[in-house]
Amino acid sequence: MNKISVLDCTLRDGGYVNDFNFSKQTIQTMITKLGKAHIDIIECGFLRDVDYQEDRSVYSRIEQITPFITPKRKHSMYVAMIVTGTIQPSKIVPRTKDTIDGIRITFHKKEMDEAFTLGYALMDKGYEVFMQPVGTTTYTDAEILALVEKINEMKPFAFYLVDTLGKLYAKQLLKLFYLVDDNLDEEIAIGYHSHNNLQLAFSNAQELILSSGKRDLLIDASILGMGRGAGNLCTEILTQYINENLEYRYHTELLIELVDEYISPISYIHPWGYSAGYFLAATNNCHPNYVGFLLNKQTINVKKIYQVLKEIPEEERALYNEKLIDSLYLKFQENEVDDEKVIQFLKDKMKGRHLLVTAPGKSILEEKEKIKEQIEQDDVFVICVNSIPDYIAPDILFISNQKRYHQIKQIYGIKNLTCPVVLTSNIDAGKSSKYVVNYSDLTMSDTMISDNACLMLFNLLIKMGIDEICVAGFDGYHTNVERNYYARNLINSVDRENLSQINKHIQKYMEKVESHMKVRYLTESMYDRSKEHVHQN
């Protein structure tokens with residue numbers, strides 16, 4: 001093994017971005033080209049006790065990986081990862097010259113005993129074992145030393161420093177590295193796995209390379225930094241640095257070919273990389289999934305995200321707890337009001353009128369003439385949701401989230417609008433609105449769509465006794481986010497892999513809506529059950 005070794009984790013850690021759906025051909029090409037590029041350690045994906053699908057980099061048996069690594073490159077090691085508790089050692093066949101060479105074991109503190117039991121069992125089967133505690137930064141110095149003592153007894157191939165929160169500056173990282181380096185058996189390599197929340201992955205890797213001394217050092221990276229949230233260190237950048245500053249070892253041009261042919265196309269559909277939200281995650285010592293959850297809500301701005309993160313108890317910040325963040329989000333949004341008079345006002349305004357609800361989908365522009373024709377009919381009452389298309393003069397503007405409220409306020413000025421503005425009670429609007437309805441009465445129990453704006457309005461209309469509406473611009477979500485809204489300023493930062501799931505959840509909820517109220521779709525919608533064809537996103 002080279003003293004400084006690069007481990008490419010694209011097919012494993014990068015797989016979180018696209019749910020590991022790389023295709024069989026892509027997996028094969030990736031592994032082959034990484035080998036030809038002389039990458040020291042190639043991670044082929046996860047080992048889990050699941051049903052195997054050949055187009056995903058998740059395997060249920062070692063033998064399923066073997067065809068992808070045949071023939072093996074003599075200068076490369078091939079590995080896979082096991083999350084402690086997801087597969088039993090009895091499912092793993094002994095190592096042979098044709099199988100992968102090593103297995104990485106990741107574990108939380110509470111899983112430590114189980115992880116070591118698994119590690120010993122895999123070493124007995126002949127595998128090189130990498131021990132990787134999740135969130136090394138959450139360990140005290142005493143806990144690190146106790147863990148290192150157990151590692152020295154075990155003598156695995158490598159022990160990892162894992163910056164799960166992507167928050168370590170060089171001084172903090174080196175302090176941790178020297179603590180481990182001074183106490184770890186000299187035959188055990190130290191690995192470094194970083195996340196790029198503060199854009200420190202590459203600079204920290206350079207610091208470790210310069211400080212590693214006689215210690216064998218493994219540095220994780222992925223092609224184009226592919227990884228959920230802020231992503232990872234870029235393999236092509238790291239290898240080029242080693243080529244220019246240590247020794248020429250890697251064929252970086254082959255990695256750039258992988259970027260161009262396979263990884264960039266994925267990034268167009270499932271983007272990753274630095275964002276203000278992930279910056280907040282790191283600076284608040286929070287797991288990045290907390291921010292991902294809040295961003296996917298598409299309802300609160302960065303300032304509000306910061307306020308929600310501050311409510312997470314310190315002991316819960318490093319490890320993701322979806323139930324906790326969902327409850328904190330709902331608590332943050334709740335602001336109980338007595339809306340009986342507002343609802344009566346709305347009933348009086350709408351009485352005897354035909355209701356047209358306009359959502360901000362792309363069809364608002366594409367079918368503009370059709371919508372204008374509908375509006376021009378007698379007795380049509382128009383309710384715009386979270387935005388006002390420039391050719392529509394609504395009778396009511398309904399706003400259900402803080403981000404949209406600020407956009408409307410900046411563009412029009414709330415006081416300058418000629419129609420009443422109905423806000424849900426989660427919005428901080430000061431004294432600028434007198435029409436406020438109770439947020440918690442309109443939300444759904446389904447966390448994925450709990451406060452979808454259109455669904456909340458439908459719930460309000462049902463509560464008011466409305467039995468029929470016409471809808472325009474309620475198109476559904478496409479993974480190409482530019483197709484989702486009629487104006488670019490409405491596009492949200494969202495995890496695109498969730499969009500198809502959001503569509504399914506909305507479709508299911510619309511069955512409940514339509515059991516109380518007839519919904520006629522004026523424009524094309526994925527949720528229109530009257531259509532015989534299947535809508536695709």
# chains A, B, ... in the order shown; residues from 1 in each chain; ligands from 1

$ residues_around --residues "Val148 in chain A" --least-positions-apart "2" --cutoff "8 Å" --atoms "only C-alpha atoms" --output "PyMOL selection string"
chain A and resi 144-146+150-152+180+183-184

$ write_last_selection --atoms "N, CA, C and O atoms" --output "PDB file, in the first residue's frame"
ATOM      1  N   ILE A 144     -12.207   8.674  22.640  1.00  0.00           N
ATOM      2  CA  ILE A 144     -11.345   8.337  21.509  1.00  0.00           C
ATOM      3  C   ILE A 144     -10.238   7.395  21.962  1.00  0.00           C
ATOM      4  O   ILE A 144      -9.951   6.381  21.308  1.00  0.00           O
ATOM      5  N   LEU A 145      -9.607   7.705  23.086  1.00  0.00           N
ATOM      6  CA  LEU A 145      -8.506   6.866  23.577  1.00  0.00           C
ATOM      7  C   LEU A 145      -8.998   5.467  23.944  1.00  0.00           C
ATOM      8  O   LEU A 145      -8.306   4.471  23.695  1.00  0.00           O
ATOM      9  N   ALA A 146     -10.184   5.386  24.535  1.00  0.00           N
ATOM     10  CA  ALA A 146     -10.743   4.075  24.874  1.00  0.00           C
ATOM     11  C   ALA A 146     -11.037   3.275  23.610  1.00  0.00           C
ATOM     12  O   ALA A 146     -10.795   2.055  23.554  1.00  0.00           O
ATOM     13  N   LYS A 150      -9.266  -0.371  22.012  1.00  0.00           N
ATOM     14  CA  LYS A 150      -9.962  -1.541  21.467  1.00  0.00           C
ATOM     15  C   LYS A 150      -9.497  -1.830  20.034  1.00  0.00           C
ATOM     16  O   LYS A 150      -9.382  -2.991  19.635  1.00  0.00           O
ATOM     17  N   ILE A 151      -9.221  -0.765  19.280  1.00  0.00           N
ATOM     18  CA  ILE A 151      -8.741  -0.927  17.915  1.00  0.00           C
ATOM     19  C   ILE A 151      -7.362  -1.587  17.925  1.00  0.00           C
ATOM     20  O   ILE A 151      -7.068  -2.484  17.104  1.00  0.00           O
ATOM     21  N   ASN A 152      -6.496  -1.184  18.846  1.00  0.00           N
ATOM     22  CA  ASN A 152      -5.152  -1.781  18.927  1.00  0.00           C
ATOM     23  C   ASN A 152      -5.212  -3.265  19.241  1.00  0.00           C
ATOM     24  O   ASN A 152      -4.400  -4.059  18.759  1.00  0.00           O
ATOM     25  N   VAL A 180      -4.917  10.455  17.898  1.00  0.00           N
ATOM     26  CA  VAL A 180      -5.017   9.068  17.435  1.00  0.00           C
ATOM     27  C   VAL A 180      -3.658   8.541  17.010  1.00  0.00           C
ATOM     28  O   VAL A 180      -3.250   7.423  17.368  1.00  0.00           O
ATOM     29  N   ASN A 183      -1.349   7.270  19.701  1.00  0.00           N
ATOM     30  CA  ASN A 183      -1.794   6.145  20.529  1.00  0.00           C
ATOM     31  C   ASN A 183      -2.194   4.910  19.731  1.00  0.00           C
ATOM     32  O   ASN A 183      -2.410   3.840  20.314  1.00  0.00           O
ATOM     33  N   LEU A 184      -2.286   5.021  18.417  1.00  0.00           N
ATOM     34  CA  LEU A 184      -2.695   3.904  17.581  1.00  0.00           C
ATOM     35  C   LEU A 184      -1.490   3.068  17.170  1.00  0.00           C
ATOM     36  O   LEU A 184      -0.419   3.613  16.864  1.00  0.00           O
TER      37      LEU A 184
END

$ residues_around --residues "Leu356 in chain A" --least-positions-apart "4" --cutoff "8 Å" --atoms "only C-alpha atoms" --output "JSON, numbers by chain"
{"A": [375, 380, 381, 382, 383, 469, 470, 471, 472]}

$ write_last_selection --atoms "N, CA, C and O atoms" --output "mmCIF file, in the first residue's frame"
data_model
loop_
_atom_site.group_PDB
_atom_site.id
_atom_site.type_symbol
_atom_site.label_atom_id
_atom_site.label_comp_id
_atom_site.auth_asym_id
_atom_site.auth_seq_id
_atom_site.Cartn_x
_atom_site.Cartn_y
_atom_site.Cartn_z
ATOM 1 N N ILE A 375 -61.446 32.874 -16.530
ATOM 2 C CA ILE A 375 -61.593 33.990 -15.592
ATOM 3 C C ILE A 375 -62.645 34.987 -16.062
ATOM 4 O O ILE A 375 -63.379 35.586 -15.259
ATOM 5 N N VAL A 380 -66.918 34.057 -11.624
ATOM 6 C CA VAL A 380 -65.691 33.309 -11.292
ATOM 7 C C VAL A 380 -64.932 34.071 -10.207
ATOM 8 O O VAL A 380 -64.650 35.265 -10.343
ATOM 9 N N PHE A 381 -64.640 33.372 -9.143
ATOM 10 C CA PHE A 381 -63.904 33.917 -8.004
ATOM 11 C C PHE A 381 -62.517 33.286 -8.016
ATOM 12 O O PHE A 381 -62.377 32.066 -7.907
ATOM 13 N N VAL A 382 -61.459 34.090 -8.151
ATOM 14 C CA VAL A 382 -60.105 33.574 -8.335
ATOM 15 C C VAL A 382 -59.311 33.639 -7.028
ATOM 16 O O VAL A 382 -59.202 34.706 -6.405
ATOM 17 N N ILE A 383 -58.749 32.497 -6.650
ATOM 18 C CA ILE A 383 -57.862 32.430 -5.486
ATOM 19 C C ILE A 383 -56.472 32.053 -5.992
ATOM 20 O O ILE A 383 -56.274 30.958 -6.547
ATOM 21 N N ILE A 469 -64.541 23.008 -7.031
ATOM 22 C CA ILE A 469 -63.572 24.024 -7.445
ATOM 23 C C ILE A 469 -62.986 23.642 -8.803
ATOM 24 O O ILE A 469 -63.038 22.480 -9.231
ATOM 25 N N CYS A 470 -62.418 24.645 -9.472
ATOM 26 C CA CYS A 470 -61.642 24.434 -10.696
ATOM 27 C C CYS A 470 -60.194 24.820 -10.360
ATOM 28 O O CYS A 470 -59.963 25.788 -9.624
ATOM 29 N N VAL A 471 -59.222 24.053 -10.867
ATOM 30 C CA VAL A 471 -57.823 24.261 -10.504
ATOM 31 C C VAL A 471 -56.973 24.438 -11.758
ATOM 32 O O VAL A 471 -57.121 23.688 -12.728
ATOM 33 N N ALA A 472 -56.058 25.418 -11.724
ATOM 34 C CA ALA A 472 -55.084 25.617 -12.793
ATOM 35 C C ALA A 472 -53.694 25.738 -12.178
ATOM 36 O O ALA A 472 -53.546 26.260 -11.067
#

$ atom_distance --atom1 "CA of Val93 in chain A" --atom2 "CA of Ile219 in chain A"
27.5 Å

$ residues_around --residues "Ile256 in chain A" --least-positions-apart "3" --cutoff "10 Å" --atoms "only C-alpha atoms" --output "ChimeraX atom specification"
/A:223-224,235-237,251-253,259-263

$ write_last_selection --atoms "N, CA and C atoms" --output "compact mmCIF listing (two decimals), in the first residue's frame"
# COMPACT_ATOMS: atom_id res chain seq x y z
N ILE A 223 -15.93 11.04 -7.17
CA ILE A 223 -15.87 11.76 -8.43
C ILE A 223 -16.80 12.97 -8.39
N LEU A 224 -16.28 14.14 -8.71
CA LEU A 224 -17.02 15.40 -8.69
C LEU A 224 -17.57 15.70 -7.30
N THR A 235 -12.35 13.36 -6.00
CA THR A 235 -11.26 12.43 -6.30
C THR A 235 -10.30 13.03 -7.31
N GLU A 236 -10.84 13.65 -8.36
CA GLU A 236 -9.98 14.18 -9.42
C GLU A 236 -9.09 15.31 -8.92
N ILE A 237 -9.57 16.12 -7.98
CA ILE A 237 -8.76 17.20 -7.43
C ILE A 237 -7.67 16.65 -6.51
N HIS A 251 -3.92 8.49 -13.20
CA HIS A 251 -4.31 8.96 -14.53
C HIS A 251 -5.60 9.77 -14.37
N THR A 252 -5.43 11.03 -14.03
CA THR A 252 -6.57 11.89 -13.70
C THR A 252 -7.49 12.10 -14.89
N GLU A 253 -6.95 12.01 -16.10
CA GLU A 253 -7.78 12.22 -17.28
C GLU A 253 -8.91 11.20 -17.37
N VAL A 259 -16.38 11.98 -14.92
CA VAL A 259 -17.16 13.18 -14.62
C VAL A 259 -18.06 13.52 -15.80
N ASP A 260 -17.47 13.58 -16.97
CA ASP A 260 -18.17 14.03 -18.17
C ASP A 260 -19.26 13.06 -18.61
N GLU A 261 -18.96 11.78 -18.59
CA GLU A 261 -19.87 10.79 -19.18
C GLU A 261 -20.91 10.26 -18.21
N TYR A 262 -20.60 10.24 -16.91
CA TYR A 262 -21.51 9.55 -15.97
C TYR A 262 -21.98 10.41 -14.80
N ILE A 263 -21.08 11.19 -14.19
CA ILE A 263 -21.43 11.86 -12.95
C ILE A 263 -22.11 13.21 -13.18

$ residues_around --residues "His505 in chain A" --least-positions-apart "3" --cutoff "8 Å" --atoms "only C-alpha atoms" --output "PyMOL selection string"
chain A and resi 446+448-449+501-502+508-509

$ select_by_dssp --residues "range 186-293 of chain A" --states "strand (DSSP E)" --output "ChimeraX atom specification"
/A:189-194,217-221

$ atom_distance --atom1 "CA of Lys109 in chain A" --atom2 "CA of Ile42 in chain A"
26.5 Å

$ closest_residue --among "A:Glu149, A:Lys370, A:Lys155, A:Lys415" --to "Tyr120 in chain A" --atoms "only C-alpha atoms"
A:Lys155

$ closest_residue --among "A:Arg56, A:Arg483, A:Lys512, A:Arg404" --to "Leu365 in chain A" --atoms "only C-alpha atoms"
A:Arg483

$ select_by_dssp --residues "range 382-519 of chain A" --states "alpha helix (DSSP H)" --output "PyMOL selection string"
chain A and resi 402-411+453-463+499-514

$ write_last_selection --atoms "C-alpha atoms" --output "PDB file, in the first residue's frame"
ATOM      1  CA  GLN A 402     -42.779  32.522   4.985  1.00  0.00           C
ATOM      2  CA  LYS A 403     -40.603  32.419   1.867  1.00  0.00           C
ATOM      3  CA  ARG A 404     -43.505  33.155  -0.466  1.00  0.00           C
ATOM      4  CA  TYR A 405     -44.768  35.905   1.846  1.00  0.00           C
ATOM      5  CA  HIS A 406     -41.422  37.706   1.685  1.00  0.00           C
ATOM      6  CA  GLN A 407     -41.329  37.362  -2.111  1.00  0.00           C
ATOM      7  CA  ILE A 408     -44.798  38.877  -2.480  1.00  0.00           C
ATOM      8  CA  LYS A 409     -43.942  41.626  -0.008  1.00  0.00           C
ATOM      9  CA  GLN A 410     -40.771  42.553  -1.905  1.00  0.00           C
ATOM     10  CA  ILE A 411     -42.425  42.512  -5.331  1.00  0.00           C
ATOM     11  CA  ALA A 453     -49.832  25.097   0.040  1.00  0.00           C
ATOM     12  CA  CYS A 454     -52.528  23.844  -2.343  1.00  0.00           C
ATOM     13  CA  LEU A 455     -53.541  21.000  -0.072  1.00  0.00           C
ATOM     14  CA  MET A 456     -53.822  23.408   2.846  1.00  0.00           C
ATOM     15  CA  LEU A 457     -56.085  25.672   0.782  1.00  0.00           C
ATOM     16  CA  PHE A 458     -58.210  22.685  -0.252  1.00  0.00           C
ATOM     17  CA  ASN A 459     -58.561  21.738   3.406  1.00  0.00           C
ATOM     18  CA  LEU A 460     -59.658  25.299   4.189  1.00  0.00           C
ATOM     19  CA  LEU A 461     -62.256  25.247   1.396  1.00  0.00           C
ATOM     20  CA  ILE A 462     -63.604  21.893   2.588  1.00  0.00           C
ATOM     21  CA  LYS A 463     -63.805  23.316   6.120  1.00  0.00           C
ATOM     22  CA  LEU A 499     -40.044  14.846  -5.856  1.00  0.00           C
ATOM     23  CA  SER A 500     -41.546  11.680  -7.340  1.00  0.00           C
ATOM     24  CA  GLN A 501     -42.379  10.512  -3.816  1.00  0.00           C
ATOM     25  CA  ILE A 502     -44.029  13.850  -3.068  1.00  0.00           C
ATOM     26  CA  ASN A 503     -46.183  13.390  -6.175  1.00  0.00           C
ATOM     27  CA  LYS A 504     -47.327   9.968  -4.961  1.00  0.00           C
ATOM     28  CA  HIS A 505     -48.202  11.340  -1.528  1.00  0.00           C
ATOM     29  CA  ILE A 506     -50.152  14.237  -3.023  1.00  0.00           C
ATOM     30  CA  GLN A 507     -51.984  11.882  -5.392  1.00  0.00           C
ATOM     31  CA  LYS A 508     -53.030   9.777  -2.426  1.00  0.00           C
ATOM     32  CA  TYR A 509     -54.170  12.795  -0.423  1.00  0.00           C
ATOM     33  CA  MET A 510     -56.170  14.132  -3.356  1.00  0.00           C
ATOM     34  CA  GLU A 511     -58.355  11.027  -3.116  1.00  0.00           C
ATOM     35  CA  LYS A 512     -59.402  12.275   0.329  1.00  0.00           C
ATOM     36  CA  VAL A 513     -59.909  15.823  -0.952  1.00  0.00           C
ATOM     37  CA  GLU A 514     -62.076  14.646  -3.855  1.00  0.00           C
TER      38      GLU A 514
END

$ closest_residue --among "A:Leu165, A:Ile427, A:Ile65, A:Ala158" --to "Gln28 in chain A" --atoms "only C-alpha atoms"
A:Ile65

$ closest_residue --among "A:Lys434, A:Leu397, A:Glu316, A:Asn498" --to "Thr418 in chain A" --atoms "only C-alpha atoms"
A:Leu397

$ residues_around --residues "Phe474 in chain A" --least-positions-apart "6" --cutoff "9 Å" --atoms "only C-alpha atoms" --output "list in words"
Val357, Thr358, Ala359, Pro360, Gly361, Lys362, Ser363, Ile364, Cys454, Tyr521, Thr523, Glu524, Ser525, Met526 and Tyr527 of chain A

$ residues_around --residues "Ser23 in chain A" --least-positions-apart "3" --cutoff "7 Å" --atoms "only C-alpha atoms" --output "mmCIF file with C-alpha atoms, in the first residue's frame"
data_model
loop_
_atom_site.group_PDB
_atom_site.id
_atom_site.type_symbol
_atom_site.label_atom_id
_atom_site.label_comp_id
_atom_site.auth_asym_id
_atom_site.auth_seq_id
_atom_site.Cartn_x
_atom_site.Cartn_y
_atom_site.Cartn_z
ATOM 1 C CA THR A 26 -22.173 2.525 -15.083
ATOM 2 C CA ILE A 27 -21.070 0.437 -12.086
ATOM 3 C CA ASP A 55 -28.538 -1.703 -11.507
ATOM 4 C CA ARG A 56 -27.918 -0.522 -7.924
#

$ closest_residue --among "A:His193, A:His75, A:Lys347, A:Lys341" --to "Ile396 in chain A" --atoms "only C-alpha atoms"
A:Lys347

$ atom_distance --atom1 "CA of Leu246 in chain A" --atom2 "CA of Ser222 in chain A"
20.1 Å
